[in-house]
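**Student:** Dropping in work_34.txt, which is compact mmCIF, C-alpha atoms and all ligand atoms:
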```txt
# COMPACT_ATOMS: atom_id res chain seq x y z
CA MET A 15 93.30 -1.05 -40.91
CA ILE A 16 90.65 -3.48 -42.09
CA ARG A 17 90.73 -7.01 -40.70
CA LEU A 18 89.49 -9.81 -42.93
CA TYR A 19 88.27 -12.89 -41.07
CA GLY A 20 87.82 -16.36 -42.50
CA LEU A 21 89.83 -19.00 -44.33
CA ARG A 22 91.67 -18.67 -47.62
CA MET A 23 89.97 -21.83 -48.95
CA SER A 24 86.59 -20.02 -49.06
CA ASN A 25 85.58 -18.58 -52.42
CA TYR A 26 83.73 -15.66 -50.80
CA TYR A 27 86.74 -14.93 -48.58
CA SER A 28 88.94 -14.98 -51.69
CA LEU A 29 86.54 -12.69 -53.53
CA THR A 30 86.58 -10.19 -50.68
CA LYS A 31 90.35 -10.35 -50.46
CA ALA A 32 90.65 -9.70 -54.22
CA LEU A 33 88.26 -6.78 -53.75
CA LEU A 34 90.45 -5.26 -51.02
CA ILE A 35 93.49 -5.67 -53.28
CA GLU A 36 91.65 -4.07 -56.24
CA LYS A 37 90.77 -1.11 -54.02
CA GLY A 38 94.38 -0.76 -52.86
CA LEU A 39 93.26 -0.88 -49.24
CA GLU A 40 95.50 -2.09 -46.44
CA PHE A 41 94.16 -5.15 -44.68
CA GLU A 42 95.17 -7.88 -42.30
CA GLU A 43 94.03 -11.49 -42.68
CA ILE A 44 92.80 -13.23 -39.54
CA LYS A 45 92.40 -17.00 -39.77
CA ALA A 46 88.94 -17.83 -38.45
CA PRO A 47 87.13 -21.06 -39.40
CA PRO A 48 83.32 -20.76 -39.48
CA ALA A 49 81.74 -21.32 -36.08
CA GLN A 50 78.52 -20.92 -34.15
CA LYS A 51 80.22 -19.47 -31.07
CA GLU A 52 79.03 -16.14 -29.70
CA GLU A 53 82.33 -14.39 -30.44
CA TYR A 54 82.11 -15.49 -34.10
CA LEU A 55 78.39 -14.73 -34.44
CA GLN A 56 79.06 -11.14 -33.40
CA ARG A 57 81.16 -10.81 -36.55
CA SER A 58 78.96 -12.92 -38.80
CA PRO A 59 75.44 -13.72 -37.55
CA MET A 60 75.17 -16.92 -39.64
CA GLY A 61 78.63 -18.03 -38.55
CA LYS A 62 79.96 -17.82 -42.12
CA MET A 63 83.04 -16.37 -43.74
CA PRO A 64 84.16 -13.83 -44.68
CA SER A 65 83.58 -10.98 -42.29
CA ILE A 66 85.52 -7.79 -41.73
CA GLU A 67 86.37 -5.69 -38.70
CA VAL A 68 86.78 -1.93 -38.95
CA ASP A 69 87.59 0.03 -35.79
CA GLY A 70 86.02 -2.64 -33.59
CA ARG A 71 82.86 -2.92 -35.71
CA TYR A 72 81.96 -5.97 -37.76
CA MET A 73 80.33 -6.73 -41.08
CA SER A 74 79.51 -9.99 -42.88
CA GLU A 75 78.19 -10.87 -46.37
CA SER A 76 80.46 -10.22 -49.34
CA LEU A 77 77.94 -7.97 -51.09
CA ALA A 78 77.46 -5.76 -48.03
CA ILE A 79 81.23 -5.57 -47.63
CA PHE A 80 81.51 -4.58 -51.29
CA GLN A 81 78.97 -1.75 -50.83
CA TYR A 82 80.98 -0.47 -47.89
CA LEU A 83 84.34 -0.69 -49.66
CA GLU A 84 83.00 0.94 -52.83
CA ARG A 85 81.94 3.98 -50.79
CA LEU A 86 85.02 3.99 -48.60
CA GLN A 87 87.36 3.85 -51.58
CA PRO A 88 85.47 4.95 -54.72
CA GLU A 89 88.49 4.56 -57.02
CA PRO A 90 89.03 2.32 -58.82
CA ALA A 91 85.27 1.95 -59.18
CA LEU A 92 83.90 -1.55 -59.49
CA LEU A 93 80.49 -0.34 -60.61
CA PRO A 94 79.98 1.72 -63.79
CA SER A 95 79.01 5.37 -63.26
CA ASP A 96 75.96 4.93 -65.49
CA PRO A 97 73.08 3.96 -63.14
CA PHE A 98 71.56 1.43 -65.51
CA ALA A 99 74.90 -0.22 -66.24
CA ALA A 100 75.54 -0.41 -62.48
CA GLY A 101 72.16 -2.10 -62.06
CA LYS A 102 73.09 -4.61 -64.75
CA VAL A 103 76.24 -5.51 -62.79
CA MET A 104 74.14 -6.21 -59.72
CA GLU A 105 71.67 -8.18 -61.84
CA LEU A 106 74.41 -10.55 -63.03
CA VAL A 107 75.91 -10.80 -59.55
CA SER A 108 72.48 -11.69 -58.14
CA HIS A 109 71.91 -14.45 -60.67
CA LEU A 110 75.39 -15.83 -60.12
CA LYS A 111 74.79 -15.98 -56.36
CA LEU A 112 71.22 -17.28 -56.44
CA ASP A 113 71.03 -19.40 -59.56
CA ILE A 114 74.55 -20.84 -59.86
CA GLU A 115 76.43 -20.66 -56.58
CA LEU A 116 73.64 -21.55 -54.18
CA VAL A 117 72.36 -24.30 -56.47
CA ALA A 118 75.79 -25.93 -56.82
CA ARG A 119 76.34 -25.63 -53.08
CA ARG A 120 73.65 -28.27 -52.49
CA CYS A 121 76.38 -30.72 -53.55
CA LEU A 122 78.93 -29.35 -51.07
CA PRO A 123 78.34 -31.92 -48.27
CA GLU A 124 79.51 -34.72 -50.59
CA LEU A 125 82.62 -32.92 -51.82
CA LEU A 126 83.70 -31.46 -48.50
CA PHE A 127 82.52 -33.93 -45.88
CA GLY A 128 82.02 -37.15 -47.88
CA LYS A 129 78.32 -37.03 -46.96
CA PRO A 130 76.53 -38.45 -50.04
CA VAL A 131 74.00 -36.24 -51.77
CA SER A 132 70.94 -38.14 -53.05
CA ASP A 133 70.49 -38.90 -56.75
CA GLU A 134 67.26 -36.90 -56.60
CA THR A 135 69.12 -33.83 -55.33
CA LYS A 136 71.83 -34.25 -57.98
CA GLU A 137 69.19 -34.48 -60.71
CA GLN A 138 67.53 -31.32 -59.44
CA VAL A 139 70.90 -29.55 -59.20
CA ARG A 140 71.68 -30.49 -62.83
CA ALA A 141 68.30 -29.14 -63.98
CA ASP A 142 68.56 -25.94 -61.94
CA LEU A 143 72.15 -25.31 -63.03
CA ALA A 144 71.17 -25.78 -66.68
CA GLN A 145 68.52 -23.11 -66.25
CA GLY A 146 70.89 -20.84 -64.29
CA ILE A 147 73.59 -21.09 -66.94
CA LYS A 148 71.12 -20.29 -69.69
CA ALA A 149 69.97 -17.28 -67.71
CA VAL A 150 73.41 -15.81 -66.99
CA SER A 151 74.68 -16.51 -70.51
CA ARG A 152 72.03 -14.08 -71.77
CA LEU A 153 73.60 -11.34 -69.65
CA TYR A 154 77.30 -11.83 -70.35
CA VAL A 155 79.19 -9.69 -72.86
CA CYS A 156 82.68 -11.16 -72.24
CA ASP A 157 84.41 -8.50 -74.34
CA PRO A 158 86.81 -8.35 -72.70
CA TYR A 159 85.20 -8.31 -69.24
CA ALA A 160 81.97 -9.86 -68.01
CA LEU A 161 79.82 -6.88 -68.97
CA GLY A 162 81.98 -5.11 -71.52
CA ALA A 163 84.88 -2.70 -71.50
CA GLU A 164 85.16 -2.18 -67.71
CA PHE A 165 86.32 -4.59 -65.04
CA THR A 166 83.51 -4.68 -62.48
CA LEU A 167 82.23 -6.55 -59.47
CA ALA A 168 80.56 -8.96 -61.89
CA ASP A 169 84.02 -10.18 -62.94
CA LEU A 170 84.98 -10.98 -59.37
CA TYR A 171 81.70 -12.83 -58.74
CA SER A 172 82.09 -14.65 -62.07
CA TYR A 173 85.56 -15.88 -61.23
CA TYR A 174 84.78 -17.03 -57.71
CA THR A 175 81.34 -18.43 -58.51
CA PHE A 176 82.43 -20.61 -61.41
CA GLY A 177 85.51 -21.76 -59.50
CA LEU A 178 83.53 -23.49 -56.77
CA ALA A 179 80.37 -24.24 -58.76
CA GLY A 180 82.41 -25.74 -61.61
CA THR A 181 84.20 -28.09 -59.22
CA LEU A 182 80.96 -29.13 -57.51
CA ALA A 183 79.20 -29.63 -60.83
CA SER A 184 81.92 -31.85 -62.25
CA LYS A 185 82.94 -33.78 -59.14
CA VAL A 186 79.51 -34.36 -57.61
CA ALA A 187 76.86 -33.75 -60.26
CA GLY A 188 79.01 -35.14 -63.10
CA ILE A 189 78.54 -32.26 -65.54
CA ASP A 190 80.75 -29.68 -67.21
CA LEU A 191 79.05 -26.45 -66.21
CA LEU A 192 80.66 -24.37 -68.97
CA ALA A 193 80.66 -27.01 -71.70
CA ASP A 194 78.48 -24.88 -73.98
CA GLN A 195 79.79 -21.53 -72.79
CA PRO A 196 83.24 -20.99 -74.35
CA GLN A 197 82.95 -17.22 -73.95
CA ILE A 198 82.49 -17.52 -70.16
CA ARG A 199 85.23 -20.15 -69.95
CA ASP A 200 87.63 -17.80 -71.79
CA LEU A 201 86.63 -14.92 -69.53
CA ILE A 202 87.46 -17.00 -66.45
CA GLY A 203 90.84 -17.83 -68.01
CA ARG A 204 91.58 -14.13 -68.59
CA LEU A 205 90.46 -13.21 -65.11
CA ALA A 206 92.79 -15.80 -63.56
CA GLU A 207 95.69 -13.63 -64.78
CA ARG A 208 94.42 -10.42 -63.24
CA PRO A 209 96.99 -9.41 -60.58
CA SER A 210 94.51 -9.26 -57.67
CA ILE A 211 93.08 -12.70 -58.46
CA ALA A 212 96.48 -14.20 -59.26
CA ARG A 213 97.83 -12.97 -55.92
CA VAL A 214 94.90 -14.48 -54.03
CA THR A 215 95.41 -17.79 -55.84
CA VAL A 216 99.14 -17.92 -55.05
CA GLU A 217 98.59 -17.02 -51.39
CA THR A 218 95.76 -19.57 -51.05
CA ALA A 219 97.99 -22.32 -52.43
CA GLY A 220 100.96 -21.26 -50.32
N1 LIG B 301 76.26 -14.97 -48.73
C1 LIG B 301 77.55 -15.09 -48.06
C2 LIG B 301 78.02 -16.51 -48.22
C3 LIG B 301 79.22 -16.83 -47.39
C4 LIG B 301 79.44 -18.33 -47.37
O1 LIG B 301 78.63 -19.12 -47.86
N2 LIG B 301 80.56 -18.71 -46.76
C5 LIG B 301 80.87 -20.11 -46.63
C6 LIG B 301 82.28 -20.38 -47.10
S1 LIG B 301 82.51 -19.94 -48.80
C7 LIG B 301 80.82 -20.50 -45.16
O2 LIG B 301 81.22 -19.75 -44.31
N3 LIG B 301 80.34 -21.71 -44.91
C8 LIG B 301 80.36 -22.28 -43.58
C9 LIG B 301 79.00 -22.54 -43.05
O3 LIG B 301 78.01 -22.40 -43.80
O4 LIG B 301 78.93 -22.93 -41.88
C10 LIG B 301 78.54 -14.07 -48.67
O5 LIG B 301 78.29 -13.60 -49.79
O6 LIG B 301 79.51 -13.68 -48.00
```
Transcribe the structure of this file into structure tokens.

**Tutor:**
Amino acid sequence: MIRLYGLRMSNYYSLTKALLIEKGLEFEEIKAPPAQKEEYLQRSPMGKMPSIEVDGRYMSESLAIFQYLERLQPEPALLPSDPFAAGKVMELVSHLKLDIELVARRCLPELLFGKPVSDETKEQVRADLAQGIKAVSRLYVCDPYALGAEFTLADLYSYYTFGLAGTLASKVAGIDLLADQPQIRDLIGRLAERPSIARVTVETAG
């Protein structure tokens, strides 16, 4: 049995939970707020969530966990069998993580802890997000899934990246991240109805 550590409010925790559901794997959720205590750092060396425990061994980082789960439970596959297409999935995931998610996260202290972010930082975030959105929009197919006919890891990262980044962008940076991207907005709407994602959403709210 796989144990999933973290909090349901975390987008990366939610992504990993949706991944476990997609794979049809049994798992147990363990509530564990991020911490810098030794016991926590053994599971996740940066003290972040999520992490998993398998037979007394630990792993952090959602992408590493994905790699493990994809090999543990190859079906249903979340990467295309074609090597180039699989690389394209990882390309989009990388840009979503580096050029959207991490950029928007610079605004997190203000949203989460009421710690104001400077106008200079907000300006930079707006500029960097504009570039990031332009970049990822070149990669999306959105017909019907992020990169075409197959549901892949890129769909999970899309849903959970734009969820948090969209909120940060509108509430802190004052912009609509997907204003000029109706095809990505529609994709996110379709993905919200996917059973794995819908279940995670209901359980997070409950
Ligand atoms: N790169 C990590 C990011 C994980 C992450 O940023 N987790 C956030 C919550 S969504 C966290 O634990 N933040 C608490 C902290 O930074 O102390 C992944 O992909 O799993």

**Student:** May I ask for the distance between atom CA of A:Lys45 and atom CA of A:Phe80, given in Å to one decimal place?

**Tutor:** 20.1 Å

**Student:** Counting only C-alpha atoms and all ligand atoms, name the residues that have an atom within 6 Å of an atom of ligand LIG 301 (chain B); the answer should be given as a PyMOL selection string.

**Tutor:** chain A and resi 24-26+48+61-64+75-77

**Student:** Do a neighbour search on A:Arg119 at 8 Å with all atoms listed in the file, toss out local chain neighbours closer than 4 positions, and write the hits as JSON, numbers by chain.

**Tutor:** {"A": [115, 179, 182]}

**Student:** List the spatial neighbours of A:Gly188 as an MDAnalysis selection string - criterion: any atom at most 9 Å away, all atoms listed in the file, same-chain residues fewer than 3 positions off excluded.

**Tutor:** chainID A and resid 136 140 182:185

**Student:** Counting only C-alpha atoms, which of A:Gly38, A:Pro196, A:Pro97, A:Gly20 gets nearest to A:Glu84?

**Tutor:** A:Gly38

**Student:** For a test of reading the model, state the distance in Å between atom CA of A:Val68 and atom CA of A:Tyr174, rounded to one decimal.

**Tutor:** 24.2 Å

**Student:** For A:Gln56, please output as number ranges by chain all residues within 10 Å (counting only C-alpha atoms; exclusion window: fewer than 2 positions along the same chain).

**Tutor:** A: 50-54, 58-61, 65, 71-74

**Student:** Please list as an NGL selection string every residue within 10 Å of A:Glu105, counting all atoms listed in the file and excluding residues in the same chain fewer than 6 positions away.

**Tutor:** :A and (99 or 150 or 153 or 168)

**Student:** What's the 9 Å shell around A:Asp142, counting only C-alpha atoms, without same-chain residues fewer than 4 positions away, as a list in words?

**Tutor:**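 Within the cut-off, the hits are Asp113, Ile114, Val117, Ala118, Glu137, Gln138, Gly146 and Ile147 of chain A.
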
**Student:** Give the answer as one residue: which of A:Gly128, A:Pro47, A:Gly70, A:Pro94 has the shortest atom-to-atom distance to A:Ala163, using only C-alpha atoms?

**Tutor:**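 Distance minimum relative to A:Ala163 lands on A:Pro94.
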